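Report on the structure given below.
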Amino acid sequence: MDYKALTQQTVQEILGYNQDKSGWKVVKISKKITVSKKPSKKFQGNLYRVEGIFPESASKLSDFLYKTENRVTWDKSLKAYNMVHKIDSDTFICHTITQSFAMGSISPRDFVDLVSFKHCEGNMDIITSGSVDFPAYPPSSNYIRGYNHACGYVCSPLQENPAHSRLVMFVQTEMRGKLSPSIIEATMPSNLVNFILNAKEGIKTHKAPSGRGCHRNGHSSFLRKK
């Protein structure tokens, strides 16, 4: 599989979502975090857009979200998050196991995702994630294997205060299994808000990168915890 070509395709999809201003329906606003949705073109579910402001630079935020180290210490939606295959300094494959949700009505899922980092003009960083088949990690009977269609984080300097940054996150996760769509729609907005709140807390102890290009050890994932 040409992983680099696949990451380029996913980056373009995320850029397209970021530029698309039409058809979004706001479904939750909480603690200055806005969650919107529109029907996904990838599956019979929703594409979610989550936006929040961080009192950190875009480079520090993207570095924090990209790295795998200590992810489960701040991302309370995850049980495990591990890089299982490094392709290059900006691309790797990770295996994620989520916690259960909605008082146990949504059981844990696992995901195998291709994750990439790209620095763009205007000091904008994009981290993408999307599920792939990886023979070393086939589905197991322990978890329902979910599927992440093109997901991503877009980190950019806040125009009115470049020392702060705007995070726009796109999530379109196919939970699979025998879940009612109504359960997913009822729980997803709050889960996404909680992710941003957890990230805001977790980044407080994250050391800023010493320079561009020193990211790269692992990433983050949208691997949404559903």
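Letters A, B, ... go to the chains of the structure tokens in the order shown; residues in each chain start at 1; ligands are counted from 1 in the same order.
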
Distance query A:Gly122 at most 12 Å, only C-alpha atoms, self and fewer than 4 positions along chain excluded, as an MDAnalysis selection string: chainID A and resid 58:59 126 154:159 162

Do you know which residues are at most 12 Å from A:Asn142 counting only C-alpha atoms, after dropping those on the same chain fewer than 2 positions away, and could you put them as a short mmCIF file (atom, residue, chain, number, x, y, z; two decimals) with all heavy atoms, in the first residue's frame?
```
data_model
loop_
_atom_site.label_atom_id
_atom_site.label_comp_id
_atom_site.auth_asym_id
_atom_site.auth_seq_id
_atom_site.Cartn_x
_atom_site.Cartn_y
_atom_site.Cartn_z
N ILE A 97 -7.29 1.84 21.27
CA ILE A 97 -8.42 1.18 21.92
C ILE A 97 -9.14 2.23 22.75
O ILE A 97 -8.54 2.94 23.55
CB ILE A 97 -7.97 0.03 22.83
CG1 ILE A 97 -7.16 -1.01 22.03
CG2 ILE A 97 -9.17 -0.64 23.49
CD1 ILE A 97 -6.52 -2.07 22.90
N SER A 107 -19.67 0.03 23.67
CA SER A 107 -18.54 -0.75 24.15
C SER A 107 -17.23 -0.25 23.51
O SER A 107 -17.25 0.46 22.51
CB SER A 107 -18.76 -2.23 23.81
OG SER A 107 -18.86 -2.41 22.41
N PRO A 108 -16.10 -0.63 24.09
CA PRO A 108 -14.82 -0.20 23.52
C PRO A 108 -14.65 -0.66 22.07
O PRO A 108 -15.10 -1.74 21.69
CB PRO A 108 -13.78 -0.88 24.43
CG PRO A 108 -14.50 -1.07 25.73
CD PRO A 108 -15.92 -1.39 25.34
N ARG A 109 -14.02 0.19 21.27
CA ARG A 109 -13.66 -0.13 19.89
C ARG A 109 -12.15 -0.08 19.77
O ARG A 109 -11.47 0.55 20.59
CB ARG A 109 -14.25 0.91 18.93
CG ARG A 109 -15.53 0.52 18.22
CD ARG A 109 -16.67 0.28 19.11
NE ARG A 109 -17.90 0.04 18.33
CZ ARG A 109 -19.01 -0.37 18.89
NH1 ARG A 109 -19.09 -0.58 20.18
NH2 ARG A 109 -20.11 -0.57 18.15
N ASP A 110 -11.63 -0.72 18.73
CA ASP A 110 -10.23 -0.49 18.39
C ASP A 110 -10.14 -0.03 16.95
O ASP A 110 -11.05 -0.27 16.13
CB ASP A 110 -9.35 -1.70 18.70
CG ASP A 110 -9.40 -2.80 17.64
OD1 ASP A 110 -10.45 -2.95 16.97
OD2 ASP A 110 -8.40 -3.52 17.50
N PRO A 138 -4.65 -7.47 12.80
CA PRO A 138 -5.97 -7.82 12.26
C PRO A 138 -7.04 -7.63 13.34
O PRO A 138 -6.72 -7.57 14.53
CB PRO A 138 -5.80 -9.29 11.89
CG PRO A 138 -4.79 -9.80 12.87
CD PRO A 138 -3.81 -8.67 13.04
N PRO A 139 -8.29 -7.54 12.96
CA PRO A 139 -9.36 -7.45 13.96
C PRO A 139 -9.32 -8.66 14.90
O PRO A 139 -8.95 -9.76 14.48
CB PRO A 139 -10.64 -7.45 13.11
CG PRO A 139 -10.21 -6.93 11.78
CD PRO A 139 -8.82 -7.46 11.58
N SER A 140 -9.67 -8.43 16.16
CA SER A 140 -9.70 -9.53 17.13
C SER A 140 -11.09 -9.64 17.73
O SER A 140 -11.94 -8.75 17.58
CB SER A 140 -8.67 -9.27 18.24
OG SER A 140 -9.15 -8.29 19.14
N ILE A 144 -14.70 -4.59 18.89
CA ILE A 144 -15.27 -4.31 17.59
C ILE A 144 -14.32 -3.35 16.87
O ILE A 144 -13.92 -2.34 17.43
CB ILE A 144 -16.67 -3.67 17.73
CG1 ILE A 144 -17.63 -4.67 18.38
CG2 ILE A 144 -17.20 -3.22 16.38
CD1 ILE A 144 -18.98 -4.07 18.74
N ARG A 145 -13.94 -3.68 15.65
CA ARG A 145 -13.02 -2.84 14.89
C ARG A 145 -13.80 -1.70 14.23
O ARG A 145 -14.62 -1.92 13.35
CB ARG A 145 -12.29 -3.68 13.84
CG ARG A 145 -11.39 -2.93 12.85
CD ARG A 145 -10.22 -2.23 13.52
NE ARG A 145 -9.38 -3.05 14.34
CZ ARG A 145 -8.32 -3.76 13.91
NH1 ARG A 145 -8.00 -3.73 12.63
NH2 ARG A 145 -7.58 -4.46 14.76
#
```

DSSP-assigned strand (DSSP E) members of stretch 1-197 of chain A, reported as a PyMOL selection string: chain A and resi 25-30+33-39+46-54+78-88+91-98+109-120+124-131+144-145+147-148+151-158+161-171+173-174

Atom CA of A:Ala199 to atom CA of A:Val171, distance in Å rounded to a single decimal: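 The value is 15.7 Å.
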
Computed interatomic separation between atom CA of A:Thr34 and atom CA of A:Ser182 (Å):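 Going from atom CA of A:Thr34 over to atom CA of A:Ser182 covers 20.2 Å.
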
Near-A:Val72 list (12 Å; only C-alpha atoms; drop same-chain fewer than 5 positions) as a ChimeraX atom specification: /A:65,67,77-82,96-99,195,198-199,202,220-221,225

Interatomic distance (Å, one decimal) between atom CA of A:Lys38 and atom CA of A:Asp20: 10.9 Å

Who sits within 8 Å of A:Ile127, only C-alpha atoms, same chain under 4 positions skipped, as a list in words: Val11, Ser62, Tyr66, Val115, Ser116, Phe117, Lys118, Gly152, Tyr153, Val154, His219 and Ser220 of chain A

Of the listed residues A:Pro181, A:Gly16, A:Gly45, A:Gly52, that which approaches A:Val193 most closely, counting only C-alpha atoms: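 Among the listed residues, the smallest separation from A:Val193 belongs to A:Gly52.
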